[in-house]
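Novice: Data: target.txt, compact mmCIF, C-alpha atoms.
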```txt
# COMPACT_ATOMS: atom_id res chain seq x y z
CA MET A 3 -41.36 5.66 -14.33
CA LYS A 4 -42.99 2.40 -13.32
CA VAL A 5 -46.48 2.16 -11.85
CA ASP A 6 -47.83 -1.27 -10.89
CA GLY A 7 -44.96 -2.88 -12.79
CA GLN A 8 -45.73 -1.02 -16.06
CA SER A 9 -43.54 1.70 -17.63
CA TYR A 10 -45.27 5.05 -18.22
CA SER A 11 -44.52 8.63 -18.97
CA PRO A 12 -45.25 10.53 -15.73
CA TYR A 13 -47.85 12.53 -17.67
CA GLU A 14 -49.99 9.65 -18.98
CA ALA A 15 -53.52 9.70 -17.65
CA SER A 16 -53.68 5.91 -17.40
CA ALA A 17 -50.80 5.97 -14.91
CA LYS A 18 -52.35 8.75 -12.87
CA ARG A 19 -55.43 6.66 -12.15
CA SER A 20 -53.33 4.24 -10.07
CA PRO A 21 -53.10 4.86 -6.29
CA ASN A 22 -49.39 4.09 -6.65
CA TYR A 23 -48.86 6.96 -9.11
CA LYS A 24 -47.77 9.48 -6.46
CA ILE A 25 -45.40 6.98 -4.91
CA GLY A 26 -43.78 6.27 -8.27
CA LEU A 27 -43.59 9.96 -9.10
CA ALA A 28 -41.95 10.73 -5.74
CA GLN A 29 -39.38 7.96 -6.28
CA LEU A 30 -38.58 9.26 -9.76
CA ALA A 31 -38.29 12.82 -8.46
CA SER A 32 -35.97 11.67 -5.65
CA GLN A 33 -33.72 9.84 -8.10
CA MET A 34 -33.55 12.83 -10.44
CA MET A 35 -32.88 15.17 -7.51
CA HIS A 36 -30.10 12.93 -6.26
CA ARG A 37 -28.40 12.85 -9.67
CA ILE A 38 -28.66 16.59 -10.21
CA GLU A 39 -27.28 17.32 -6.73
CA ASN A 40 -24.40 14.87 -7.22
CA TYR A 41 -23.51 16.37 -10.58
CA ASN A 42 -23.53 19.87 -9.12
CA ALA A 43 -21.40 18.70 -6.18
CA THR A 44 -18.62 17.41 -8.48
CA PHE A 45 -18.02 21.08 -9.38
CA SER A 46 -19.14 23.27 -6.48
CA SER A 47 -18.19 20.91 -3.61
CA LEU A 48 -14.72 19.81 -4.68
CA TYR A 49 -13.27 21.12 -1.42
CA LYS A 50 -15.55 18.81 0.57
CA GLN A 51 -13.86 15.81 -1.06
CA THR A 52 -10.44 16.80 0.31
CA VAL A 53 -8.74 13.79 1.87
CA HIS A 54 -7.57 14.08 5.45
CA LEU A 55 -4.07 13.20 6.68
CA ALA A 56 -3.60 9.52 5.90
CA ILE A 57 -0.92 8.96 8.54
CA ALA A 58 -1.27 10.49 11.98
CA SER A 59 1.66 12.05 13.86
CA TYR A 60 1.95 9.12 16.29
CA LYS A 61 2.29 6.82 13.28
CA GLU A 62 4.97 9.09 11.85
CA ARG A 63 6.94 8.78 15.09
CA GLU A 64 6.69 5.00 14.78
CA MET A 65 7.90 5.27 11.19
CA ALA A 66 10.85 7.41 12.26
CA ALA A 67 11.88 4.68 14.72
CA ASN A 68 11.97 2.19 11.84
CA LEU A 69 14.37 4.26 9.74
CA SER A 70 17.46 3.26 11.73
CA LYS A 71 16.88 -0.48 11.41
CA THR A 72 19.67 -2.18 9.45
CA ASP A 73 19.22 -5.25 7.25
CA ALA A 74 21.12 -7.28 9.86
CA GLU A 75 18.75 -6.12 12.61
CA ILE A 76 15.74 -7.06 10.52
CA GLU A 77 17.21 -10.53 9.92
CA THR A 78 17.80 -10.94 13.66
CA GLU A 79 14.21 -9.90 14.25
CA ALA A 80 13.11 -12.53 11.74
CA ASP A 81 15.11 -15.21 13.58
CA THR A 82 13.32 -14.43 16.84
CA GLN A 83 9.79 -13.80 15.53
CA VAL A 84 9.33 -16.27 12.68
CA LYS A 85 8.38 -19.70 14.02
CA LYS A 86 10.99 -22.32 13.18
CA PRO A 87 10.04 -25.74 11.75
CA ASP A 88 9.30 -28.54 14.23
CA PHE A 89 11.06 -31.60 12.82
CA SER A 90 9.78 -33.74 15.67
CA THR A 91 6.49 -34.03 13.82
CA ILE A 92 8.11 -36.17 11.15
CA VAL A 93 9.60 -39.62 11.92
CA LEU A 94 12.24 -41.48 9.93
CA LYS A 95 10.76 -44.90 9.30
CA LYS A 96 12.97 -48.04 9.20
CA TYR A 97 12.35 -51.40 7.54
CA ASN A 98 12.09 -54.26 10.02
CA LYS A 99 13.89 -57.31 8.66
CA LYS A 100 12.06 -60.64 8.96
CA PRO A 101 13.89 -63.47 10.76
CA TYR A 102 14.66 -66.74 8.90
CA LYS A 103 12.19 -69.31 10.17
CA GLY A 104 13.96 -72.43 8.89
CA ILE A 105 14.81 -75.17 11.46
CA ALA A 106 18.49 -76.00 11.78
CA PRO A 107 19.26 -79.73 10.96
CA THR A 108 20.40 -82.12 13.73
CA LYS A 109 22.34 -85.38 13.67
CA GLN A 110 19.16 -87.16 14.63
CA SER A 111 17.37 -85.83 11.55
CA ALA A 112 20.37 -86.80 9.37
CA GLU A 113 20.45 -90.24 10.95
CA ALA A 114 16.70 -90.73 10.30
CA ILE A 115 17.21 -89.89 6.63
CA LEU A 116 20.15 -92.36 6.39
CA ASN A 117 18.13 -95.08 8.14
CA GLU A 118 15.37 -94.64 5.58
CA GLU A 119 17.90 -94.81 2.76
CA ALA A 120 19.52 -97.92 4.28
CA ASP A 121 16.15 -99.67 4.54
CA HIS A 122 15.68 -99.19 0.80
CA LYS A 123 19.30 -99.91 -0.12
CA PHE A 124 19.69 -103.10 1.91
CA PHE A 125 16.21 -104.52 1.61
CA ALA A 126 16.00 -108.39 1.84
CA LEU A 127 13.16 -110.76 2.45
CA LEU A 128 15.04 -113.86 3.68
CA ARG A 129 17.62 -112.36 6.01
CA SER A 130 18.32 -109.37 8.16
CA ARG A 131 20.92 -106.92 6.91
CA SER A 132 21.03 -104.78 10.04
CA THR A 133 24.81 -104.81 10.25
CA GLU A 134 25.12 -103.43 6.75
CA LYS A 135 22.48 -100.80 7.42
CA LYS A 136 24.20 -99.72 10.64
CA GLN A 137 27.54 -99.55 8.92
CA TYR A 138 26.00 -97.46 6.07
CA VAL A 139 24.52 -95.03 8.53
CA GLU A 140 27.71 -94.69 10.57
CA GLU A 141 29.86 -94.19 7.46
CA ASN A 142 27.68 -91.44 5.97
CA LEU A 143 26.23 -89.72 9.04
CA ASN A 144 28.86 -86.98 9.37
CA ASP A 145 28.86 -86.21 5.64
CA VAL A 146 25.08 -86.05 5.40
CA TYR A 147 24.86 -83.95 8.58
CA GLN A 148 27.52 -81.50 7.34
CA ASP A 149 25.86 -81.29 3.93
CA ARG A 150 22.51 -80.49 5.50
CA ILE A 151 24.13 -77.92 7.76
CA GLU A 152 25.75 -76.20 4.76
CA LYS A 153 22.48 -76.18 2.78
CA PHE A 154 20.65 -74.74 5.82
CA ARG A 155 23.26 -71.99 6.17
CA GLU A 156 23.12 -71.33 2.42
CA LEU A 157 19.33 -70.92 2.54
CA GLN A 158 19.61 -68.71 5.62
CA SER A 159 22.26 -66.55 3.90
CA PHE A 160 20.12 -66.24 0.77
CA PHE A 161 17.08 -65.22 2.86
CA ASP A 162 19.13 -62.63 4.77
CA LYS A 163 20.45 -61.15 1.52
CA ILE A 164 16.89 -60.80 0.26
CA GLN A 165 15.93 -59.03 3.50
CA ASP A 166 18.99 -56.77 3.22
CA THR A 167 17.97 -55.83 -0.32
CA LEU A 168 14.36 -55.14 0.73
CA ALA A 169 15.59 -53.13 3.73
CA ALA A 170 17.98 -51.07 1.61
CA THR A 171 15.25 -50.27 -0.93
CA ALA A 172 12.62 -49.45 1.72
CA ASP A 173 15.01 -47.42 3.91
CA ALA A 174 16.19 -45.41 0.89
CA LYS A 175 12.55 -44.50 0.20
CA HIS A 176 11.94 -43.69 3.87
CA ILE A 177 15.02 -41.43 3.93
CA ALA A 178 13.91 -39.75 0.71
CA ASP A 179 10.41 -39.18 2.14
CA TYR A 180 11.86 -37.86 5.41
CA ASN A 181 14.26 -35.51 3.61
CA SER A 182 11.47 -34.38 1.29
CA LYS A 183 9.20 -33.48 4.23
CA ARG A 184 12.09 -31.88 6.09
CA ASN A 185 13.13 -29.85 3.03
CA ALA A 186 9.50 -28.80 2.49
CA MET A 187 9.31 -27.57 6.09
CA LEU A 188 12.63 -25.75 5.67
CA ALA A 189 11.45 -24.21 2.39
CA GLU A 190 8.18 -23.11 4.01
CA TYR A 191 10.11 -21.61 6.93
CA LYS A 192 12.51 -19.85 4.57
CA SER A 193 9.56 -18.54 2.59
CA ARG A 194 7.93 -17.14 5.76
CA ARG A 195 11.23 -15.72 6.95
CA ASP A 196 11.94 -14.12 3.57
CA ALA A 197 8.40 -12.70 3.51
CA PHE A 198 8.91 -11.28 7.01
CA ILE A 199 12.24 -9.70 6.01
CA TYR A 200 10.77 -8.35 2.76
CA ASP A 201 7.75 -6.95 4.57
CA ARG A 202 9.89 -5.28 7.26
CA THR A 203 12.39 -3.98 4.70
CA GLU A 204 9.61 -2.74 2.45
CA HIS A 205 7.92 -1.01 5.37
CA ARG A 206 11.20 0.52 6.47
CA ASP A 207 11.95 1.80 2.96
CA LYS A 208 8.38 3.10 2.53
CA ASP A 209 8.54 4.76 5.93
CA LYS A 210 11.91 6.22 5.02
CA ASN A 211 10.56 7.60 1.75
CA TYR A 212 7.46 9.00 3.46
CA ILE A 213 9.38 10.64 6.30
CA ILE A 214 12.44 11.88 4.38
CA GLY A 215 10.72 12.52 1.03
CA PRO A 216 13.50 11.94 -1.54
CA PHE A 217 12.95 13.71 -4.86
CA ASP A 218 12.46 10.57 -7.01
CA TYR A 219 9.87 9.20 -4.58
CA VAL A 220 7.91 12.45 -4.42
CA ASP A 221 8.10 12.89 -8.18
CA LYS A 222 6.80 9.36 -8.84
CA SER A 223 4.06 9.74 -6.22
CA ILE A 224 2.87 12.94 -7.90
CA MET A 225 2.76 11.12 -11.24
CA ASP A 226 0.74 8.31 -9.62
CA LEU A 227 -1.93 10.81 -8.51
CA LYS A 228 -3.44 10.72 -12.00
CA THR A 229 -5.16 7.46 -10.99
CA LYS A 230 -6.44 8.89 -7.68
CA VAL A 231 -7.43 12.47 -8.44
CA HIS A 232 -10.69 12.95 -10.36
CA PHE A 233 -11.72 16.36 -11.68
CA PRO A 234 -14.85 16.97 -13.79
CA PHE A 235 -12.65 18.93 -16.22
CA GLU A 236 -9.06 18.78 -17.41
CA VAL A 237 -6.43 20.00 -14.95
CA THR A 238 -2.72 20.15 -15.72
CA VAL A 239 -0.32 20.26 -12.79
CA LYS A 240 3.31 21.37 -12.67
CA THR A 241 5.31 20.97 -9.48
CA SER A 242 8.68 21.99 -8.11
CA TYR A 243 9.89 20.21 -4.97
CA SER A 244 12.64 21.34 -2.58
CA LYS A 245 13.50 18.51 -0.21
CA LEU A 246 15.83 20.77 1.79
CA GLU A 247 13.15 23.42 2.37
CA SER A 248 10.33 20.83 2.70
CA LEU A 249 8.52 22.97 0.13
CA LEU A 250 6.31 21.94 -2.80
CA ASP A 251 5.45 24.61 -5.33
CA VAL A 252 2.35 23.70 -7.36
CA LYS A 253 0.90 25.34 -10.44
CA ALA A 254 -2.49 24.02 -11.59
CA PHE A 255 -3.80 25.03 -15.03
CA ILE A 256 -7.53 24.87 -15.74
CA PRO A 257 -9.54 25.60 -18.92
CA ASP A 258 -10.79 29.13 -19.58
CA TYR A 259 -14.29 27.71 -19.67
CA ILE A 260 -15.50 25.26 -17.02
CA PRO A 261 -18.86 23.58 -17.78
CA ILE A 262 -20.58 24.48 -14.51
CA PRO A 263 -23.99 22.71 -14.39
CA GLU A 264 -26.72 25.03 -15.63
CA THR A 265 -29.63 23.60 -13.68
CA LYS A 266 -30.80 23.27 -10.09
CA ALA A 267 -33.64 21.22 -8.68
CA SER A 268 -36.08 21.10 -5.80
CA ILE A 269 -38.93 18.82 -4.73
CA LEU A 270 -42.37 20.45 -4.71
CA SER A 271 -45.05 19.77 -2.10
CA SER A 272 -46.87 17.72 -4.73
CA GLY A 273 -43.90 15.34 -4.83
CA LYS A 274 -42.88 16.43 -8.33
CA ILE A 275 -39.42 17.73 -9.10
CA SER A 276 -38.85 21.30 -10.21
CA VAL A 277 -35.79 21.74 -12.47
CA LYS A 278 -34.81 25.32 -13.22
CA THR A 279 -31.95 27.09 -14.93
CA LYS A 280 -29.57 28.72 -12.47
CA LEU A 281 -29.29 32.48 -12.31
CA GLN A 282 -26.05 33.90 -13.68
CA ARG A 283 -25.10 34.94 -10.14
CA GLU A 284 -25.59 31.36 -8.94
CA LYS A 285 -23.46 29.95 -11.77
CA SER A 286 -20.73 32.49 -10.96
CA GLN A 287 -20.78 31.53 -7.29
CA ASP A 288 -20.54 27.83 -8.19
CA LEU A 289 -17.64 28.63 -10.50
CA VAL A 290 -15.78 30.38 -7.66
CA LEU A 291 -16.42 27.43 -5.33
CA CYS A 292 -15.12 25.10 -8.03
CA GLN A 293 -11.98 27.17 -8.64
CA LEU A 294 -11.22 27.46 -4.92
CA GLY A 295 -11.97 23.77 -4.42
CA VAL A 296 -9.14 22.79 -6.75
CA ALA A 297 -6.56 24.00 -4.20
CA TYR A 298 -8.00 22.14 -1.21
CA TYR A 299 -8.79 18.95 -3.10
CA LEU A 300 -5.39 18.68 -4.80
CA CYS A 301 -3.29 19.76 -1.81
CA GLY A 302 -4.91 17.08 0.36
CA PHE A 303 -3.43 14.40 -1.92
CA LEU A 304 -0.10 16.18 -2.22
CA PHE A 305 0.43 16.59 1.53
CA ASN A 306 -0.23 12.87 1.96
CA ILE A 307 2.70 11.95 -0.29
CA SER A 308 5.38 12.70 2.31
CA ALA A 309 5.68 14.09 5.82
CA ASN A 310 8.62 16.13 4.51
CA ILE A 311 6.20 18.30 2.53
CA LYS A 312 5.68 20.91 5.23
CA THR A 313 4.51 23.74 2.98
CA ILE A 314 2.62 23.89 -0.33
CA ARG A 315 2.53 27.05 -2.38
CA PHE A 316 -0.38 26.66 -4.77
CA SER A 317 -1.20 28.76 -7.83
CA LEU A 318 -4.30 28.37 -10.01
CA LEU A 319 -3.86 29.65 -13.57
CA THR A 320 -5.69 29.49 -16.88
CA LYS A 321 -4.30 27.29 -19.64
CA SER A 322 -4.67 29.76 -22.48
CA ASN A 323 -2.44 32.64 -21.35
CA ASN A 324 -1.28 31.71 -17.83
CA ASP A 325 -3.45 34.34 -16.19
CA GLY A 326 -3.47 33.84 -12.44
CA LEU A 327 -6.71 33.35 -10.50
CA TYR A 328 -5.17 33.04 -7.02
CA TRP A 329 -2.16 31.88 -4.99
CA VAL A 330 -2.14 30.45 -1.49
CA GLN A 331 0.44 29.03 0.91
CA PHE A 332 -0.76 26.11 3.07
CA PRO A 333 1.31 24.98 6.08
CA ARG A 334 0.90 21.24 6.61
CA GLU A 335 -0.16 21.31 10.28
CA GLN A 336 -2.76 24.03 9.86
CA PHE A 337 -4.15 22.54 6.65
CA PHE A 338 -5.14 19.29 8.34
CA THR A 339 -6.94 21.05 11.19
CA LEU A 340 -9.59 22.23 8.70
CA ASP A 341 -13.04 20.66 8.67
CA PHE A 342 -13.33 20.42 4.90
CA ALA A 343 -17.01 19.49 4.98
CA ASN A 344 -17.96 22.75 6.72
CA ILE A 345 -15.40 25.40 5.75
CA ASP A 346 -16.11 28.50 3.72
CA PRO A 347 -13.49 28.08 0.95
CA LEU A 348 -12.87 31.80 0.42
CA ILE A 349 -12.79 32.90 4.08
CA THR A 350 -10.60 29.92 4.97
CA LEU A 351 -8.17 30.63 2.13
CA GLU A 352 -7.80 34.22 3.35
CA ARG A 353 -6.49 32.97 6.72
CA PHE A 354 -3.31 31.83 4.99
CA PRO A 355 -0.75 33.86 3.02
CA HIS A 356 -2.59 34.42 -0.25
CA VAL A 357 -3.06 36.49 -3.37
CA ILE A 358 -6.57 36.78 -4.79
CA LYS A 359 -8.73 39.34 -6.59
CA TYR A 360 -12.38 38.87 -5.86
CA GLY A 361 -14.83 40.88 -7.95
CA ARG A 362 -18.55 41.20 -7.36
CA VAL A 363 -19.31 37.52 -8.05
CA GLU A 364 -16.20 36.03 -9.56
CA LEU A 365 -12.41 35.81 -9.31
CA GLU A 366 -10.59 38.40 -11.39
CA ARG A 367 -7.63 37.31 -13.45
CA MET A 368 -4.12 38.65 -12.93
CA GLU A 369 -1.34 38.77 -15.49
CA LYS A 370 1.66 36.59 -14.63
CA LYS A 371 3.88 39.60 -13.86
CA GLU A 372 1.33 41.06 -11.46
CA LEU A 373 0.69 37.68 -9.82
CA ASP A 374 4.41 37.05 -9.28
CA ARG A 375 4.89 40.49 -7.72
CA LYS A 376 1.95 40.02 -5.37
CA ILE A 377 3.14 36.54 -4.41
CA ASN A 378 6.52 37.98 -3.52
CA ASP A 379 4.82 40.66 -1.42
CA ALA A 380 2.65 38.05 0.27
CA LEU A 381 5.72 36.02 1.20
CA LEU A 382 7.36 39.08 2.64
CA MET A 383 4.24 39.95 4.58
CA ALA A 384 4.13 36.39 5.92
CA GLY A 385 7.61 36.84 7.30
CA GLN A 386 9.33 34.51 4.84
CA ALA A 387 12.06 37.10 4.24
CA SER A 388 12.23 38.60 7.70
CA ASN A 389 13.47 37.78 11.17
CA ALA A 390 12.83 39.04 14.69
CA ASN A 391 14.76 42.26 14.01
CA GLN A 392 12.92 43.12 10.79
CA THR A 393 9.50 44.32 9.77
CA VAL A 394 7.55 44.72 6.53
CA LEU A 395 6.34 48.20 5.49
CA SER A 396 4.21 49.32 2.60
CA MET A 397 5.91 51.58 0.03
CA THR A 398 3.69 54.47 1.16
CA ASP A 399 4.68 54.07 4.83
CA ALA A 400 8.37 53.74 3.94
CA GLN A 401 8.27 56.93 1.86
CA HIS A 402 6.45 58.71 4.69
CA ILE A 403 9.32 57.80 7.06
CA LEU A 404 11.95 58.93 4.49
CA ASP A 405 10.20 62.28 4.12
CA ALA A 406 10.63 62.77 7.87
CA MET A 407 14.10 61.12 8.03
CA PRO A 408 15.92 61.79 4.74
CA ASN A 409 19.19 60.46 6.22
CA ALA A 410 17.81 56.94 6.87
CA ASP A 411 20.14 55.41 4.27
CA ASP A 412 19.35 51.78 5.17
CA LEU A 413 15.64 52.37 4.63
CA ARG A 414 16.27 54.23 1.38
CA LYS A 415 18.39 51.32 0.10
CA ALA A 416 15.62 48.87 1.08
CA VAL A 417 13.09 51.01 -0.83
CA ASP A 418 15.36 51.16 -3.89
CA ASP A 419 15.85 47.37 -3.80
CA ALA A 420 12.10 46.77 -3.47
CA THR A 421 11.39 49.17 -6.35
CA ALA A 422 13.93 47.43 -8.57
CA LYS A 423 12.26 44.09 -7.84
CA GLY A 424 8.76 45.45 -8.49
CA GLN A 425 7.68 44.89 -4.87
CA SER A 426 4.94 46.90 -3.19
CA VAL A 427 6.33 46.27 0.31
CA VAL A 428 9.70 46.87 1.97
CA VAL A 429 11.66 44.75 4.46
CA ALA A 430 13.24 47.15 6.98
CA ASP A 431 14.67 47.37 10.47
CA LYS A 432 12.16 46.74 13.26
CA LYS A 433 12.83 50.24 14.69
CA TYR A 434 10.87 51.83 11.82
CA GLU A 435 7.63 50.32 13.19
CA ASN A 436 7.88 52.57 16.28
CA ILE A 437 9.03 55.55 14.22
CA LEU A 438 6.00 55.14 11.97
CA LYS A 439 3.70 55.12 15.02
CA GLU A 440 5.24 58.40 16.26
CA LEU A 441 4.74 60.03 12.86
```
Output the file's structure in the form of structure tokens.
Specialist:
Amino acid sequence: MKVDGQSYSPYEASAKRSPNYKIGLAQLASQMMHRIENYNATFSSLYKQTVHLAIASYKEREMAANLSKTDAEIETEADTQVKKPDFSTIVLKKYNKKPYKGIAPTKQSAEAILNEEADHKFFALLRSRSTEKKQYVEENLNDVYQDRIEKFRELQSFFDKIQDTLAATADAKHIADYNSKRNAMLAEYKSRRDAFIYDRTEHRDKDKNYIIGPFDYVDKSIMDLKTKVHFPFEVTVKTSYSKLESLLDVKAFIPDYIPIPETKASILSSGKISVKTKLQREKSQDLVLCQLGVAYYLCGFLFNISANIKTIRFSLLTKSNNDGLYWVQFPREQFFTLDFANIDPLITLERFPHVIKYGRVELERMEKKELDRKINDALLMAGQASNANQTVLSMTDAQHILDAMPNADDLRKAVDDATAKGQSVVVADKKYENILKEL
């Protein structure tokens, strides 16, 4: 423990002199108490950890509605519910060609050039050569004008070709960018649509498996329980599932010796913790609670695998020689009405069809042959082998009726059949109930 930031044994005198000693001792006692109680609870309160129904009945009805959806219907649903891409948010750009800004030549400009040339060509200091200059201009004007026109057009054509090349290059990039953005939006839409379809299909298939409970699904789900179920000792489980009967038969095997915690604790008025060894009676009671808790705890997980598991028949046996400790039949609907935090595990178990031998403080073991016979009797008593026109009689009552009615051949045959099967009860005609009352 720590007192004033220093570690001490709770019995050191130097620690006791601190006014914080009692506080530290109380905290230590509380922590120890909490750990001891938690460790005890992992054995004696297993039934309190039973999980409740994971999926309520209204949810199961919703699941059942999903079972009929076809792939085509799911795709149609995707088309209406998944938002489509809005291509209006992207714009295809276009290169704007530049106009040629050159000035087209005129005859006046050609004539000015020829006049300048004539001035140089026919230069003279002593006389005027205007006639020659005029003639030179007139003779060459059309040629020079046409030549300038052709060069202007050639420059304009060259400029336009450059613009065409620039436009083609830029527009190709714009188209590529546009297509890239458009394809990205289409891919994103397809991804969302595929995810929607996968999610709906996955939900439908999961719902279908949960509602219908196919064998492979149930078998795999039982195997997966090893990561969810946590016992403080080794438990081996064998199951047999009948999809048609909505029945799961479970056999759980536990060790002959279960290490039930030996100690119990309480907090004294002084704040110290008192840790004592449990009485043998207390350890036996905790052992019974632990053994009974296995059924509730495990069946809670098993019922949650599939809504098709309507009934669980659970047997708890020892690993060494398969001796039976108890058997119980849980109907799904009644099981999930239990308040697992407050039930009495033994009294609650006895409300259901069951086989159990309870000694003074512990469960008595039954050999496999005896357990099987009593399970068969329990099923008969629960009406599993009878209908509205039949009843279940003990062997003693049946023999009592035969003593009074030796010609009741149907009852005698029922007794012979029950004897051959090792049963202690007889399924007979309902009329024998009234006859027995009269006798």
Novice: Extending 3 Å beyond the listed atoms of range 362-375 of chain A on each side, what axis-aligned box results? I want centre and edge lengths in Å to one decimal, as lines of an AutoDock Vina configuration file.
Specialist:
```
center_x = -7.2
center_y = 38.5
center_z = -11.4
size_x = 30.2
size_y = 11.4
size_z = 14.1
```
Novice: Find the spatial neighbours of range 144-147 of chain A, counting all atoms listed in the file, within a cut-off of 9 Å - ignore same-chain residues fewer than 3 positions away - and output them as a ChimeraX atom specification.
Specialist: /A:107-113,115-116,140-141,150-152
Novice: Quick one: residues within 7 Å of range 299-315 of chain A, only C-alpha atoms counted, chain neighbours fewer than 6 positions away excluded, as a list of chain:residue names?
Specialist: A:Leu48, A:Tyr49, A:Gln51, A:Thr52, A:Val53, A:His54, A:Leu55, A:Ala56, A:Tyr212, A:Ile213, A:Ile214, A:Gly215, A:Val220, A:Ser223, A:Ser248, A:Leu249, A:Leu250, A:Asp251, A:Val252, A:Val330, A:Gln331, A:Phe332, A:Pro333, A:Arg334
Novice: Hey, which of A:Ile275, A:Leu227, A:Ile403, A:Val5 ends up closest to Ala17 in chain A? Count all atoms listed in the file.
Specialist: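 Comparing A:Ile275, A:Leu227, A:Ile403, A:Val5 against Ala17 in chain A, the winner is A:Val5.
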Novice: Determine the nearest neighbour of Arg367 in chain A from the options A:Thr167, A:Asn324, A:Thr279, A:Ser11, counting all atoms listed in the file.
Specialist: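 Among the listed residues, the smallest separation from Arg367 in chain A belongs to A:Asn324.
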Novice: In terms of the shortest atom-to-atom distance over only C-alpha atoms, which of A:Tyr97, A:Asp209, A:Phe316, A:Thr238 is closest to Thr171 in chain A?
Specialist: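 Under the stated criterion, the closest residue is A:Tyr97.
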Novice: Just the number, please: distance in Å from CA of Gly326 in chain A to CA of Pro347 in chain A, one decimal.
Specialist: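 Result for CA of Gly326 in chain A versus CA of Pro347 in chain A: 17.7 Å, one decimal.
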Novice: Could you give me, as a ChimeraX atom specification, the residues within 8 Å of Ser32 in chain A, counting all atoms listed in the file and dropping anything in the same chain fewer than 4 positions from it?
Specialist: /A:28,36,269,275
Novice: Store the residues picked out above, limited to C-alpha atoms, as an mmCIF file, keeping the file's coordinate frame.
Specialist:
```cif
data_model
loop_
_atom_site.group_PDB
_atom_site.id
_atom_site.type_symbol
_atom_site.label_atom_id
_atom_site.label_comp_id
_atom_site.auth_asym_id
_atom_site.auth_seq_id
_atom_site.Cartn_x
_atom_site.Cartn_y
_atom_site.Cartn_z
ATOM 1 C CA ALA A 28 -41.950 10.730 -5.740
ATOM 2 C CA HIS A 36 -30.100 12.930 -6.260
ATOM 3 C CA ILE A 269 -38.930 18.820 -4.730
ATOM 4 C CA ILE A 275 -39.420 17.730 -9.100
#
```
Novice: Give the answer as one residue: which of A:Ala267, A:Asn323, A:Val363, A:Ile199 has the shortest atom-to-atom distance to Thr78 in chain A, using only C-alpha atoms?
Specialist: A:Ile199
Novice: When you draw a straight line from CA of Ser47 in chain A to CA of Glu284 in chain A, how long is it in Å?
Specialist: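 Between CA of Ser47 in chain A and CA of Glu284 in chain A the gap is 13.9 Å.
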Novice: Name the residues within 12 Å of (9.8, -13.0, 10.1), counting all atoms listed in the file in the file's coordinates, and put them as a ChimeraX atom specification.
Specialist: /A:75-86,190-203
Novice: Could you check which of A:Asp399, A:Lys99, A:Ile256, A:Gln287 is closest to Leu168 in chain A, using all atoms listed in the file?
Specialist: A:Lys99
Novice: Could you work out how far CA of Lys376 in chain A lies from CA of Pro408 in chain A, giving the answer in Å with one decimal?
Specialist: 27.8 Å
Novice: Please determine, counting all atoms listed in the file, which residue among A:Met397, A:Trp329, A:Ile92, A:Leu188 has the shortest atom-to-atom distance to Leu381 in chain A.
Specialist: A:Trp329
Novice: Quick one: everything within 10 Å of Leu382 in chain A, counting all atoms listed in the file, minus sequence neighbours fewer than 2 positions away in the same chain. Send it as a ChimeraX atom specification.
Specialist: /A:355,376-380,384-388,393-395,425,427-429
Novice: Leaving out Tyr138 in chain A and any residue of its chain fewer than 4 positions from it, which residues lie within 9 Å of it when counting all atoms listed in the file, given as a list of chain:residue names?
Specialist: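 My list of contacting residues is A:Leu116, A:Asn117, A:Ala120, A:Thr133, A:Glu134, A:Asn142, A:Leu143.
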